[in-house]
Structures are given as C-alpha cells and as structure tokens.
>>> print(open('protein_2.txt').read())   # compact mmCIF, C-alpha atoms
# COMPACT_ATOMS: atom_id res chain seq x y z
CA MET A 34 -174.80 -185.87 -112.19
CA GLY A 35 -175.42 -188.65 -109.69
CA SER A 36 -178.83 -189.80 -108.55
CA HIS A 37 -178.58 -188.02 -105.21
CA ARG A 38 -180.92 -185.06 -104.94
CA PHE A 39 -181.27 -182.29 -102.42
CA PRO A 40 -184.40 -182.60 -100.30
CA ALA A 41 -187.37 -180.49 -101.28
CA TYR A 42 -188.62 -177.85 -98.88
CA PRO A 43 -192.41 -177.74 -99.06
CA CYS A 44 -192.66 -175.31 -96.14
CA ARG A 45 -190.71 -172.26 -97.11
CA VAL A 46 -190.26 -170.41 -93.88
CA LEU A 47 -187.31 -169.48 -91.73
CA THR A 48 -188.09 -169.87 -88.05
CA ILE A 49 -185.67 -167.89 -85.93
CA ALA A 50 -185.54 -166.88 -82.26
CA GLN A 51 -185.91 -163.21 -81.39
CA GLU A 52 -182.46 -163.22 -79.72
CA THR A 53 -180.79 -164.58 -82.85
CA TYR A 54 -182.65 -162.13 -85.07
CA ASP A 55 -181.52 -159.29 -82.80
CA ALA A 56 -177.91 -160.54 -82.79
CA ILE A 57 -177.80 -160.62 -86.60
CA VAL A 58 -179.26 -157.10 -86.85
CA ALA A 59 -176.80 -155.81 -84.22
CA HIS A 60 -173.88 -157.36 -86.12
CA ALA A 61 -175.02 -155.74 -89.37
CA LYS A 62 -175.32 -152.33 -87.70
CA ARG A 63 -171.96 -152.69 -85.96
CA ASP A 64 -170.09 -153.45 -89.19
CA HIS A 65 -171.88 -150.84 -91.30
CA PRO A 66 -170.79 -149.47 -93.80
CA ASP A 67 -168.93 -152.73 -94.44
CA GLU A 68 -170.92 -155.89 -95.03
CA ALA A 69 -171.34 -158.18 -92.04
CA CYS A 70 -171.58 -161.96 -92.40
CA GLY A 71 -171.98 -165.15 -90.43
CA VAL A 72 -173.99 -168.29 -89.95
CA VAL A 73 -176.50 -169.76 -87.56
CA ALA A 74 -175.70 -173.43 -87.16
CA GLY A 75 -178.13 -176.13 -86.14
CA PRO A 76 -178.39 -179.91 -85.92
CA GLU A 77 -178.02 -181.49 -89.36
CA GLY A 78 -181.36 -182.00 -91.05
CA SER A 79 -183.28 -180.25 -88.25
CA ASP A 80 -183.75 -176.85 -89.92
CA ARG A 81 -183.33 -175.35 -86.43
CA ALA A 82 -181.25 -172.17 -86.40
CA GLU A 83 -179.70 -172.48 -82.94
CA ARG A 84 -176.07 -171.42 -82.68
CA PHE A 85 -175.22 -167.88 -83.76
CA VAL A 86 -171.71 -167.63 -85.22
CA PRO A 87 -170.72 -164.16 -86.41
CA MET A 88 -167.80 -164.26 -88.84
CA VAL A 89 -165.22 -161.69 -89.88
CA ASN A 90 -165.70 -160.30 -93.37
CA ALA A 91 -162.20 -160.96 -94.70
CA ALA A 92 -162.97 -158.69 -97.65
CA GLY A 93 -163.66 -155.77 -95.27
CA SER A 94 -165.76 -154.19 -97.98
CA PRO A 95 -169.07 -152.32 -98.34
CA THR A 96 -169.83 -154.31 -101.51
CA PHE A 97 -168.39 -157.78 -100.90
CA TYR A 98 -168.09 -160.37 -98.16
CA GLU A 99 -166.03 -163.51 -97.81
CA PHE A 100 -165.24 -165.71 -94.84
CA ASP A 101 -161.49 -166.00 -94.24
CA SER A 102 -160.40 -169.38 -95.61
CA THR A 103 -158.76 -170.54 -92.37
CA GLU A 104 -161.77 -169.49 -90.30
CA LEU A 105 -164.06 -171.15 -92.83
CA LEU A 106 -162.30 -174.48 -92.33
CA ALA A 107 -162.38 -174.09 -88.53
CA LEU A 108 -166.11 -173.31 -88.68
CA TYR A 109 -166.92 -176.36 -90.80
CA LYS A 110 -164.77 -178.68 -88.69
CA ASP A 111 -166.51 -177.39 -85.60
CA MET A 112 -169.95 -177.89 -87.13
CA ASP A 113 -168.91 -181.34 -88.30
CA ALA A 114 -167.83 -182.31 -84.78
CA ARG A 115 -171.21 -181.16 -83.46
CA ASP A 116 -173.22 -182.84 -86.27
CA GLU A 117 -174.38 -179.41 -87.35
CA GLU A 118 -174.84 -177.64 -90.64
CA PRO A 119 -175.24 -173.98 -91.53
CA VAL A 120 -179.00 -173.53 -91.22
CA VAL A 121 -178.69 -169.80 -91.91
CA VAL A 122 -176.01 -168.00 -93.91
CA TYR A 123 -176.43 -164.27 -93.42
CA HIS A 124 -174.85 -161.12 -94.75
CA SER A 125 -175.73 -157.48 -94.96
CA HIS A 126 -176.13 -155.04 -97.79
CA THR A 127 -175.28 -151.57 -96.62
CA ALA A 128 -176.42 -149.44 -99.58
CA THR A 129 -178.89 -151.64 -101.45
CA GLU A 130 -182.00 -153.66 -100.71
CA ALA A 131 -182.01 -156.96 -98.83
CA TYR A 132 -182.20 -159.05 -101.99
CA PRO A 133 -179.48 -161.42 -103.27
CA SER A 134 -177.13 -159.75 -105.74
CA ARG A 135 -176.00 -161.50 -108.90
CA THR A 136 -172.77 -162.35 -107.08
CA ASP A 137 -174.70 -163.75 -104.12
CA ILE A 138 -176.68 -166.00 -106.42
CA GLY A 139 -173.62 -167.14 -108.37
CA LEU A 140 -171.65 -168.02 -105.25
CA ALA A 141 -174.43 -169.53 -103.12
CA SER A 142 -173.23 -173.03 -102.33
CA GLU A 143 -175.31 -174.26 -99.40
CA PRO A 144 -178.48 -175.73 -100.93
CA ASN A 145 -179.90 -176.53 -97.48
CA ALA A 146 -179.36 -173.07 -96.01
CA HIS A 147 -181.66 -170.14 -95.54
CA TYR A 148 -179.82 -167.17 -97.03
CA VAL A 149 -180.65 -164.17 -94.87
CA LEU A 150 -180.09 -160.70 -96.28
CA ILE A 151 -180.13 -157.70 -94.00
CA SER A 152 -180.06 -154.16 -95.33
CA THR A 153 -178.80 -151.32 -93.17
CA ARG A 154 -179.23 -148.73 -95.93
CA HIS A 155 -181.92 -146.81 -93.99
CA CYS A 156 -180.31 -147.12 -90.56
CA PHE A 157 -177.71 -144.42 -90.85
CA ASP A 158 -177.74 -140.78 -91.88
CA GLU A 159 -175.27 -139.10 -94.23
CA ALA A 160 -172.77 -138.52 -91.43
CA GLY A 161 -172.89 -142.14 -90.39
CA GLY A 162 -175.02 -141.45 -87.33
CA ASN A 163 -177.83 -143.78 -86.37
CA SER A 164 -181.06 -142.60 -87.95
CA ASP A 165 -183.28 -145.23 -86.34
CA GLY A 166 -184.55 -146.20 -89.76
CA PRO A 167 -185.86 -149.70 -90.36
CA VAL A 168 -183.58 -152.68 -90.93
CA GLU A 169 -184.69 -154.97 -93.73
CA PHE A 170 -184.43 -158.67 -92.83
CA ARG A 171 -185.40 -161.17 -95.53
CA SER A 172 -184.73 -164.83 -96.19
CA TYR A 173 -184.26 -166.85 -99.36
CA ARG A 174 -183.43 -170.26 -100.72
CA ILE A 175 -180.80 -170.06 -103.43
CA ILE A 176 -180.50 -173.33 -105.34
CA ASP A 177 -178.90 -173.74 -108.77
CA GLY A 178 -179.20 -170.02 -109.41
CA VAL A 179 -182.88 -169.87 -108.51
CA VAL A 180 -183.89 -167.48 -105.72
CA THR A 181 -187.05 -168.18 -103.74
CA GLU A 182 -188.04 -165.78 -100.99
CA GLU A 183 -189.58 -167.30 -97.89
CA ASP A 184 -191.39 -166.01 -94.82
CA VAL A 185 -189.52 -165.25 -91.62
CA ALA A 186 -191.19 -166.39 -88.40
CA ILE A 187 -189.67 -164.93 -85.27
CA THR A 188 -190.22 -166.90 -82.08
CA PRO A 189 -190.45 -164.93 -78.81
CA PRO A 190 -187.66 -165.09 -76.24
CA GLN A 191 -187.70 -168.17 -74.04
CA GLN A 192 -189.71 -167.54 -70.88
CA THR A 193 -187.69 -168.13 -67.75
CA GLN A 194 -189.57 -170.50 -65.52
CA THR A 195 -190.25 -169.11 -62.07
CA VAL A 196 -191.39 -171.40 -59.32
CA MET B 193 -152.47 -194.88 -101.79
CA ALA B 194 -155.65 -193.72 -100.05
CA ILE B 195 -156.43 -190.14 -99.34
CA GLU B 196 -159.73 -189.15 -97.77
CA VAL B 197 -161.43 -186.29 -99.55
CA ARG B 198 -164.21 -184.50 -97.69
CA ILE B 199 -166.94 -183.44 -100.09
CA PRO B 200 -169.12 -180.38 -99.41
CA THR B 201 -172.92 -180.66 -99.62
CA ILE B 202 -173.11 -178.86 -102.95
CA LEU B 203 -170.83 -181.43 -104.64
CA ARG B 204 -172.40 -184.55 -103.14
CA THR B 205 -174.52 -184.85 -106.25
CA TYR B 206 -171.32 -186.27 -107.78
CA THR B 207 -170.66 -188.74 -104.96
CA ASP B 208 -174.17 -190.19 -104.54
CA GLY B 209 -174.51 -188.24 -101.33
CA ALA B 210 -171.24 -189.41 -99.76
CA LYS B 211 -169.63 -186.89 -97.41
CA ALA B 212 -166.18 -188.34 -97.97
CA VAL B 213 -164.60 -190.46 -100.68
CA ASP B 214 -161.19 -192.03 -101.14
CA ALA B 215 -158.93 -191.01 -103.98
CA SER B 216 -155.27 -191.22 -104.83
CA GLY B 217 -152.60 -189.04 -106.39
CA GLU B 218 -149.20 -187.65 -105.60
CA THR B 219 -150.26 -184.10 -106.33
CA LEU B 220 -153.55 -182.27 -105.99
CA THR B 221 -153.87 -182.28 -109.79
CA ALA B 222 -153.47 -186.06 -109.88
CA LEU B 223 -155.91 -186.47 -107.02
CA ILE B 224 -158.55 -184.40 -108.80
CA ASP B 225 -158.01 -186.39 -112.01
CA ASP B 226 -158.54 -189.57 -110.00
CA LEU B 227 -161.70 -188.13 -108.44
CA GLU B 228 -162.98 -187.32 -111.92
CA VAL B 229 -162.64 -190.98 -112.98
CA ASN B 230 -165.01 -192.16 -110.26
CA HIS B 231 -167.15 -189.02 -110.02
CA PRO B 232 -167.42 -187.60 -113.52
CA GLY B 233 -168.08 -183.87 -113.61
CA ILE B 234 -166.56 -183.01 -110.27
CA LYS B 235 -163.30 -181.76 -111.79
CA GLY B 236 -165.06 -178.95 -113.60
CA ARG B 237 -166.49 -177.74 -110.31
CA LEU B 238 -163.01 -177.47 -108.82
CA ILE B 239 -160.86 -176.33 -111.73
CA GLU B 240 -161.36 -173.64 -114.31
CA ASN B 241 -158.89 -172.77 -117.07
CA GLY B 242 -156.28 -175.02 -115.53
CA ASP B 243 -156.38 -173.42 -112.10
CA LEU B 244 -158.28 -173.92 -108.90
CA ARG B 245 -161.52 -171.97 -109.01
CA ARG B 246 -161.32 -168.68 -107.14
CA PHE B 247 -164.25 -169.50 -104.86
CA VAL B 248 -163.36 -173.10 -104.06
CA ASN B 249 -161.08 -173.73 -101.10
CA VAL B 250 -159.07 -176.93 -100.85
CA TYR B 251 -157.15 -177.86 -97.72
CA ILE B 252 -154.52 -180.54 -97.23
CA ASN B 253 -154.19 -181.43 -93.55
CA ASP B 254 -155.81 -178.10 -92.64
CA GLU B 255 -153.51 -176.02 -94.87
CA ASP B 256 -155.11 -173.94 -97.61
CA VAL B 257 -153.44 -175.33 -100.75
CA ARG B 258 -152.99 -171.80 -102.10
CA PHE B 259 -150.16 -171.44 -99.58
CA ILE B 260 -148.52 -174.80 -100.29
CA GLY B 261 -148.25 -174.99 -104.05
CA GLY B 262 -151.83 -174.92 -105.28
CA LEU B 263 -152.57 -177.71 -107.74
CA GLU B 264 -148.95 -178.88 -107.50
CA ALA B 265 -149.20 -179.38 -103.73
CA THR B 266 -147.91 -182.86 -102.90
CA LEU B 267 -149.83 -185.60 -101.13
CA THR B 268 -148.83 -188.66 -99.20
CA ASP B 269 -150.75 -191.67 -98.00
CA GLY B 270 -153.08 -190.84 -95.13
CA ASP B 271 -153.38 -187.14 -95.89
CA GLN B 272 -156.79 -185.60 -95.50
CA VAL B 273 -158.17 -183.28 -98.15
CA VAL B 274 -161.12 -181.00 -97.46
CA VAL B 275 -163.02 -179.18 -100.19
CA LEU B 276 -165.11 -176.19 -99.13
CA PRO B 277 -166.78 -173.66 -101.36
CA ALA B 278 -166.13 -170.10 -100.25
CA VAL B 279 -168.90 -168.45 -98.31
CA ALA B 280 -168.90 -165.18 -100.15
CA GLY B 281 -171.02 -162.75 -102.10
CA GLY B 282 -171.64 -159.14 -102.85
>>> encode(input="protein_2.txt", output="structure tokens")
Amino acid sequence: MGSHRFPAYPCRVLTIAQETYDAIVAHAKRDHPDEACGVVAGPEGSDRAERFVPMVNAAGSPTFYEFDSTELLALYKDMDARDEEPVVVYHSHTATEAYPSRTDIGLASEPNAHYVLISTRHCFDEAGGNSDGPVEFRSYRIIDGVVTEEDVAITPPQQTQTV
Amino acid sequence: MAIEVRIPTILRTYTDGAKAVDASGETLTALIDDLEVNHPGIKGRLIENGDLRRFVNVYINDEDVRFIGGLEATLTDGDQVVVLPAVAGG
C-alpha cells in the first residue's frame, strides 16, 4: 500500500435536496420490482450531491444491479470533464430492507461516496399495485468492507425569488 | 512506449494518489505486469486466477477489453487505458 490515504469524514451526514431525494424515490418505484440504480454527481471534493444521473440496471434483476460497462465509462468521462465525482451512488432493494447486502459491501468501490439504499418492499401490494406504504431511504459509507450508517438531511426546494 | 493508464479512486492507494500513470506493454497482460513493478499490489486488484476480475472494467481507447481480446488485447504507443471498478451490487 502507498502512503496515500482517503480523507476522513468527521461529519457523517448526507445532505440532499428534496428534488433529488424525490427523483431517486420515483426512480426506485418506477423500476420496481427490479432494482434501480444511479448516481448523484457533484464537484470533486465538495460533498455536494448536485447532478442526478439515473442509470439503467444492465442486470435487469430484482436481486442485482450493475451499470452497463459502456455507460459506466461514458458516465465517468463526463464526470471527469466536469471535475465531478459520484457523491451519491444509489440503488434500490425491492424485497429487503434498505441496508447494504454482502454483495453491496464486497463490491463497493467508491470510498468517497455516500451509498444510498432505498427499499420499495412496502410500496406495492401483492398484485404489484401501489400500496402507498413508506419508502425506506438510508445512507452509508462503505470503506474496506466496513459499513457506517449516516444521517440524511433533506434540504427544502429552492425558493423562487419574486420581485 | 508510453501508455496512459487512468486509475480509479479506489486504486490510488497504489499510485500515491495519482489519477493517471504511465506504463508500457504490448498486451494488457504486459501492461499490468509493468504497472505492478512500479505500483506493487495493483495487479492483484485487477487479476484473479489469471483472468481479469469480474467486477473490474478495463477499456482501451474506450473499448471494453472483454470485447477485444481481454488480457491479450494489444496496445500501441499513445493508447489510453481506463480502469473502472464496476458499479454493482445486490
């Protein structure tokens, strides 16, 4: 191992705008019963989740998600060109709680990201109809196999200035 | 022969934080061996049991190497290699 270390995060909280939160939840509901996935990009080092980028789950599965490899490269080149990084990496669980699975932990490879887990398990009835149940939305750091849950702070929608 | 290799955040522990390093090799295998000389330990993060790890993507000039020969994919001077871990889970 080299001497370079990942920065420590003394303040463990994900701050996210209401609109972005809503967009992630809507994506998870739309793709249910398959897992939905995506990122929220932001300026490198800023920890600001600003640009919502829903991705296609190339696995098209209720128990697995994976970004398509070509789309993954396009996403990272785009973020690179904008001096961004993935501030949030999100995906949904559609039958289990919003907690990282063993696979999630093993494959987590963005030490700077907030890993957001959404669960839609209570949102749909047996027939697949919307049951208006609660969506679970939780955030974690996953570094070297260690999961640390953090608070989620939702900021209200931007007020439009009226003169 | 200089080939730029873009290193993902998770592997920058092996490159003292560098986002890109130069390496050389006429095939991806040779390139990774050369990387290992200067950045010991990195090879094991890319290769497992003699093959590219399932959840590591490597691109040569924007082509996923799985479609152009895998570890035997050929390289020429000035090529750009990008390493990206899969974003995946269960």
>>> closest_atom_pairs(input="protein_2.txt", of="chain A", to="chain B", cutoff="10 Å", atoms="all atoms listed in the file", output="CSV")
residue,atom,partner,partner_atom,distance
A:Met34,CA,B:Tyr206,CA,5.6
A:Gly35,CA,B:Tyr206,CA,5.1
A:Ser36,CA,B:Asp208,CA,6.2
A:His37,CA,B:Asp208,CA,5.0
A:Arg38,CA,B:Thr205,CA,6.5
A:Phe39,CA,B:Thr205,CA,8.2
A:Glu68,CA,B:Gly282,CA,8.5
A:Cys70,CA,B:Ala280,CA,8.8
A:Gly71,CA,B:Val279,CA,9.1
A:Val72,CA,B:Val279,CA,9.8
A:Asn90,CA,B:Ala280,CA,8.9
A:Ala91,CA,B:Ala280,CA,9.6
A:Ala92,CA,B:Ala280,CA,9.1
A:Ser94,CA,B:Gly282,CA,9.1
A:Pro95,CA,B:Gly282,CA,8.6
A:Thr96,CA,B:Gly282,CA,5.3
A:Phe97,CA,B:Gly282,CA,4.0
A:Tyr98,CA,B:Ala280,CA,5.3
A:Glu99,CA,B:Ala280,CA,4.1
A:Phe100,CA,B:Val279,CA,5.7
A:Asp101,CA,B:Ala278,CA,8.6
A:Ser102,CA,B:Asn249,CA,7.0
A:Thr103,CA,B:Asp256,CA,7.2
A:Leu105,CA,B:Ala278,CA,7.8
A:Leu106,CA,B:Asp254,CA,7.4
A:Ala107,CA,B:Asp254,CA,8.7
A:Tyr109,CA,B:Leu276,CA,8.5
A:Lys110,CA,B:Val274,CA,9.8
A:Glu118,CA,B:Thr201,CA,9.7
A:Val122,CA,B:Val279,CA,8.4
A:Tyr123,CA,B:Val279,CA,9.9
A:His124,CA,B:Gly281,CA,8.4
A:Ser125,CA,B:Gly282,CA,9.0
A:His126,CA,B:Gly282,CA,7.9
A:Pro133,CA,B:Gly282,CA,8.2
A:Ser134,CA,B:Gly282,CA,6.2
A:Arg135,CA,B:Gly282,CA,7.8
A:Thr136,CA,B:Gly281,CA,5.3
A:Asp137,CA,B:Gly281,CA,4.3
A:Ile138,CA,B:Gly281,CA,7.8
A:Gly139,CA,B:Gly281,CA,8.1
A:Leu140,CA,B:Gly281,CA,6.2
A:Ala141,CA,B:Val279,CA,7.4
A:Ser142,CA,B:Ile202,CA,5.9
A:Glu143,CA,B:Ile202,CA,6.2
A:Pro144,CA,B:Ile202,CA,6.5
A:Asn145,CA,B:Thr201,CA,8.4
A:Ile176,CA,B:Ile202,CA,9.5
A:Asp177,CA,B:Ile202,CA,9.7
>>> axis_aligned_box(input="protein_2.txt", around="segment 172-191 of chain A", padding_each_side="6 Å", output="lines of an AutoDock Vina configuration file")
center_x = -185.1
center_y = -169.3
center_z = -91.7
size_x = 24.5
size_y = 20.9
size_z = 47.4
>>> residues_around(input="protein_2.txt", residues="Arg154 of chain A", least_positions_apart="4", cutoff="8 Å", atoms="only C-alpha atoms", output="list in words")
His126, Thr127, Ala128, Thr129, Glu130 and Val168 of chain A
>>> residues_around(input="protein_2.txt", residues="segment 187-191 of chain A", least_positions_apart="4", cutoff="7 Å", atoms="all atoms listed in the file", output="number ranges by chain")
A: 48-52
>>> closest_residue(input="protein_2.txt", among="B:Leu244, B:Ile199, B:Leu223, B:Val229", to="Val257 of chain B", atoms="all atoms listed in the file")
B:Leu244
>>> residues_around(input="protein_2.txt", residues="Leu220 of chain B", least_positions_apart="4", cutoff="12 Å", atoms="only C-alpha atoms", output="PDB file with C-alpha atoms, keeping the file's coordinate frame")
ATOM      1  CA  ILE B 195    -156.430-190.140 -99.340  1.00  0.00           C
ATOM      2  CA  VAL B 197    -161.430-186.290 -99.550  1.00  0.00           C
ATOM      3  CA  ALA B 215    -158.930-191.010-103.980  1.00  0.00           C
ATOM      4  CA  SER B 216    -155.270-191.220-104.830  1.00  0.00           C
ATOM      5  CA  ILE B 224    -158.550-184.400-108.800  1.00  0.00           C
ATOM      6  CA  ASP B 225    -158.010-186.390-112.010  1.00  0.00           C
ATOM      7  CA  ASP B 226    -158.540-189.570-110.000  1.00  0.00           C
ATOM      8  CA  LEU B 227    -161.700-188.130-108.440  1.00  0.00           C
ATOM      9  CA  LYS B 235    -163.300-181.760-111.790  1.00  0.00           C
ATOM     10  CA  LEU B 238    -163.010-177.470-108.820  1.00  0.00           C
ATOM     11  CA  ILE B 239    -160.860-176.330-111.730  1.00  0.00           C
ATOM     12  CA  ASP B 243    -156.380-173.420-112.100  1.00  0.00           C
ATOM     13  CA  LEU B 244    -158.280-173.920-108.900  1.00  0.00           C
ATOM     14  CA  VAL B 250    -159.070-176.930-100.850  1.00  0.00           C
ATOM     15  CA  TYR B 251    -157.150-177.860 -97.720  1.00  0.00           C
ATOM     16  CA  ILE B 252    -154.520-180.540 -97.230  1.00  0.00           C
ATOM     17  CA  ASP B 256    -155.110-173.940 -97.610  1.00  0.00           C
ATOM     18  CA  VAL B 257    -153.440-175.330-100.750  1.00  0.00           C
ATOM     19  CA  ARG B 258    -152.990-171.800-102.100  1.00  0.00           C
ATOM     20  CA  ILE B 260    -148.520-174.800-100.290  1.00  0.00           C
ATOM     21  CA  GLY B 261    -148.250-174.990-104.050  1.00  0.00           C
ATOM     22  CA  GLY B 262    -151.830-174.920-105.280  1.00  0.00           C
ATOM     23  CA  LEU B 263    -152.570-177.710-107.740  1.00  0.00           C
ATOM     24  CA  GLU B 264    -148.950-178.880-107.500  1.00  0.00           C
ATOM     25  CA  ALA B 265    -149.200-179.380-103.730  1.00  0.00           C
ATOM     26  CA  THR B 266    -147.910-182.860-102.900  1.00  0.00           C
ATOM     27  CA  LEU B 267    -149.830-185.600-101.130  1.00  0.00           C
ATOM     28  CA  THR B 268    -148.830-188.660 -99.200  1.00  0.00           C
ATOM     29  CA  ASP B 271    -153.380-187.140 -95.890  1.00  0.00           C
ATOM     30  CA  GLN B 272    -156.790-185.600 -95.500  1.00  0.00           C
ATOM     31  CA  VAL B 273    -158.170-183.280 -98.150  1.00  0.00           C
ATOM     32  CA  VAL B 274    -161.120-181.000 -97.460  1.00  0.00           C
ATOM     33  CA  VAL B 275    -163.020-179.180-100.190  1.00  0.00           C
TER      34      VAL B 275
END
>>> atom_distance(input="protein_2.txt", atom1="atom CA of Gly78 of chain A", atom2="atom CA of Ala146 of chain A")
10.4 Å
>>> decode(input="protein_2.txt", residues="segment 212-222 of chain B", atoms="all heavy atoms", output="PDB file, in the first residue's frame")
ATOM      1  N   ALA B 212      -3.588   9.255 -12.888  1.00  0.00           N
ATOM      2  CA  ALA B 212      -3.137   8.591 -14.106  1.00  0.00           C
ATOM      3  C   ALA B 212      -1.649   8.327 -13.983  1.00  0.00           C
ATOM      4  O   ALA B 212      -0.917   9.131 -13.395  1.00  0.00           O
ATOM      5  CB  ALA B 212      -3.427   9.469 -15.323  1.00  0.00           C
ATOM      6  N   VAL B 213      -1.224   7.196 -14.506  1.00  0.00           N
ATOM      7  CA  VAL B 213       0.204   6.866 -14.503  1.00  0.00           C
ATOM      8  C   VAL B 213       0.565   6.348 -15.895  1.00  0.00           C
ATOM      9  O   VAL B 213      -0.302   5.908 -16.647  1.00  0.00           O
ATOM     10  CB  VAL B 213       0.559   5.800 -13.441  1.00  0.00           C
ATOM     11  CG1 VAL B 213       0.301   6.324 -12.034  1.00  0.00           C
ATOM     12  CG2 VAL B 213      -0.213   4.510 -13.669  1.00  0.00           C
ATOM     13  N   ASP B 214       1.849   6.412 -16.224  1.00  0.00           N
ATOM     14  CA  ASP B 214       2.311   5.857 -17.487  1.00  0.00           C
ATOM     15  C   ASP B 214       2.805   4.438 -17.265  1.00  0.00           C
ATOM     16  O   ASP B 214       3.372   4.128 -16.222  1.00  0.00           O
ATOM     17  CB  ASP B 214       3.447   6.708 -18.075  1.00  0.00           C
ATOM     18  CG  ASP B 214       2.920   7.968 -18.740  1.00  0.00           C
ATOM     19  OD1 ASP B 214       1.714   7.994 -19.068  1.00  0.00           O
ATOM     20  OD2 ASP B 214       3.706   8.912 -18.932  1.00  0.00           O
ATOM     21  N   ALA B 215       2.560   3.608 -18.256  1.00  0.00           N
ATOM     22  CA  ALA B 215       3.068   2.239 -18.200  1.00  0.00           C
ATOM     23  C   ALA B 215       3.348   1.814 -19.633  1.00  0.00           C
ATOM     24  O   ALA B 215       3.024   2.539 -20.586  1.00  0.00           O
ATOM     25  CB  ALA B 215       2.054   1.313 -17.541  1.00  0.00           C
ATOM     26  N   SER B 216       3.934   0.627 -19.777  1.00  0.00           N
ATOM     27  CA  SER B 216       4.199   0.161 -21.131  1.00  0.00           C
ATOM     28  C   SER B 216       3.927  -1.326 -21.221  1.00  0.00           C
ATOM     29  O   SER B 216       3.910  -2.046 -20.219  1.00  0.00           O
ATOM     30  CB  SER B 216       5.643   0.472 -21.536  1.00  0.00           C
ATOM     31  OG  SER B 216       6.533  -0.212 -20.678  1.00  0.00           O
ATOM     32  N   GLY B 217       3.707  -1.791 -22.446  1.00  0.00           N
ATOM     33  CA  GLY B 217       3.432  -3.201 -22.686  1.00  0.00           C
ATOM     34  C   GLY B 217       2.728  -3.346 -24.017  1.00  0.00           C
ATOM     35  O   GLY B 217       1.992  -2.446 -24.430  1.00  0.00           O
ATOM     36  N   GLU B 218       2.980  -4.472 -24.658  1.00  0.00           N
ATOM     37  CA  GLU B 218       2.360  -4.672 -25.974  1.00  0.00           C
ATOM     38  C   GLU B 218       1.017  -5.375 -25.872  1.00  0.00           C
ATOM     39  O   GLU B 218       0.270  -5.445 -26.848  1.00  0.00           O
ATOM     40  CB  GLU B 218       3.314  -5.432 -26.890  1.00  0.00           C
ATOM     41  CG  GLU B 218       4.519  -4.567 -27.243  1.00  0.00           C
ATOM     42  CD  GLU B 218       5.488  -5.228 -28.188  1.00  0.00           C
ATOM     43  OE1 GLU B 218       5.280  -6.411 -28.525  1.00  0.00           O
ATOM     44  OE2 GLU B 218       6.443  -4.554 -28.583  1.00  0.00           O
ATOM     45  N   THR B 219       0.760  -5.931 -24.694  1.00  0.00           N
ATOM     46  CA  THR B 219      -0.562  -6.502 -24.441  1.00  0.00           C
ATOM     47  C   THR B 219      -1.028  -5.997 -23.076  1.00  0.00           C
ATOM     48  O   THR B 219      -0.216  -5.463 -22.299  1.00  0.00           O
ATOM     49  CB  THR B 219      -0.533  -8.046 -24.392  1.00  0.00           C
ATOM     50  OG1 THR B 219       0.296  -8.435 -23.291  1.00  0.00           O
ATOM     51  CG2 THR B 219      -0.013  -8.654 -25.691  1.00  0.00           C
ATOM     52  N   LEU B 220      -2.302  -6.190 -22.794  1.00  0.00           N
ATOM     53  CA  LEU B 220      -2.810  -5.758 -21.492  1.00  0.00           C
ATOM     54  C   LEU B 220      -2.101  -6.492 -20.356  1.00  0.00           C
ATOM     55  O   LEU B 220      -1.768  -5.901 -19.334  1.00  0.00           O
ATOM     56  CB  LEU B 220      -4.328  -5.981 -21.428  1.00  0.00           C
ATOM     57  CG  LEU B 220      -5.017  -5.479 -20.162  1.00  0.00           C
ATOM     58  CD1 LEU B 220      -4.759  -3.994 -19.934  1.00  0.00           C
ATOM     59  CD2 LEU B 220      -6.516  -5.763 -20.236  1.00  0.00           C
ATOM     60  N   THR B 221      -1.827  -7.784 -20.561  1.00  0.00           N
ATOM     61  CA  THR B 221      -1.090  -8.554 -19.555  1.00  0.00           C
ATOM     62  C   THR B 221       0.264  -7.915 -19.262  1.00  0.00           C
ATOM     63  O   THR B 221       0.636  -7.716 -18.095  1.00  0.00           O
ATOM     64  CB  THR B 221      -0.854  -9.995 -20.039  1.00  0.00           C
ATOM     65  OG1 THR B 221      -2.119 -10.616 -20.232  1.00  0.00           O
ATOM     66  CG2 THR B 221      -0.072 -10.806 -19.026  1.00  0.00           C
ATOM     67  N   ALA B 222       0.991  -7.573 -20.327  1.00  0.00           N
ATOM     68  CA  ALA B 222       2.313  -6.972 -20.166  1.00  0.00           C
ATOM     69  C   ALA B 222       2.207  -5.615 -19.487  1.00  0.00           C
ATOM     70  O   ALA B 222       3.040  -5.251 -18.640  1.00  0.00           O
ATOM     71  CB  ALA B 222       2.994  -6.844 -21.532  1.00  0.00           C
TER      72      ALA B 222
END
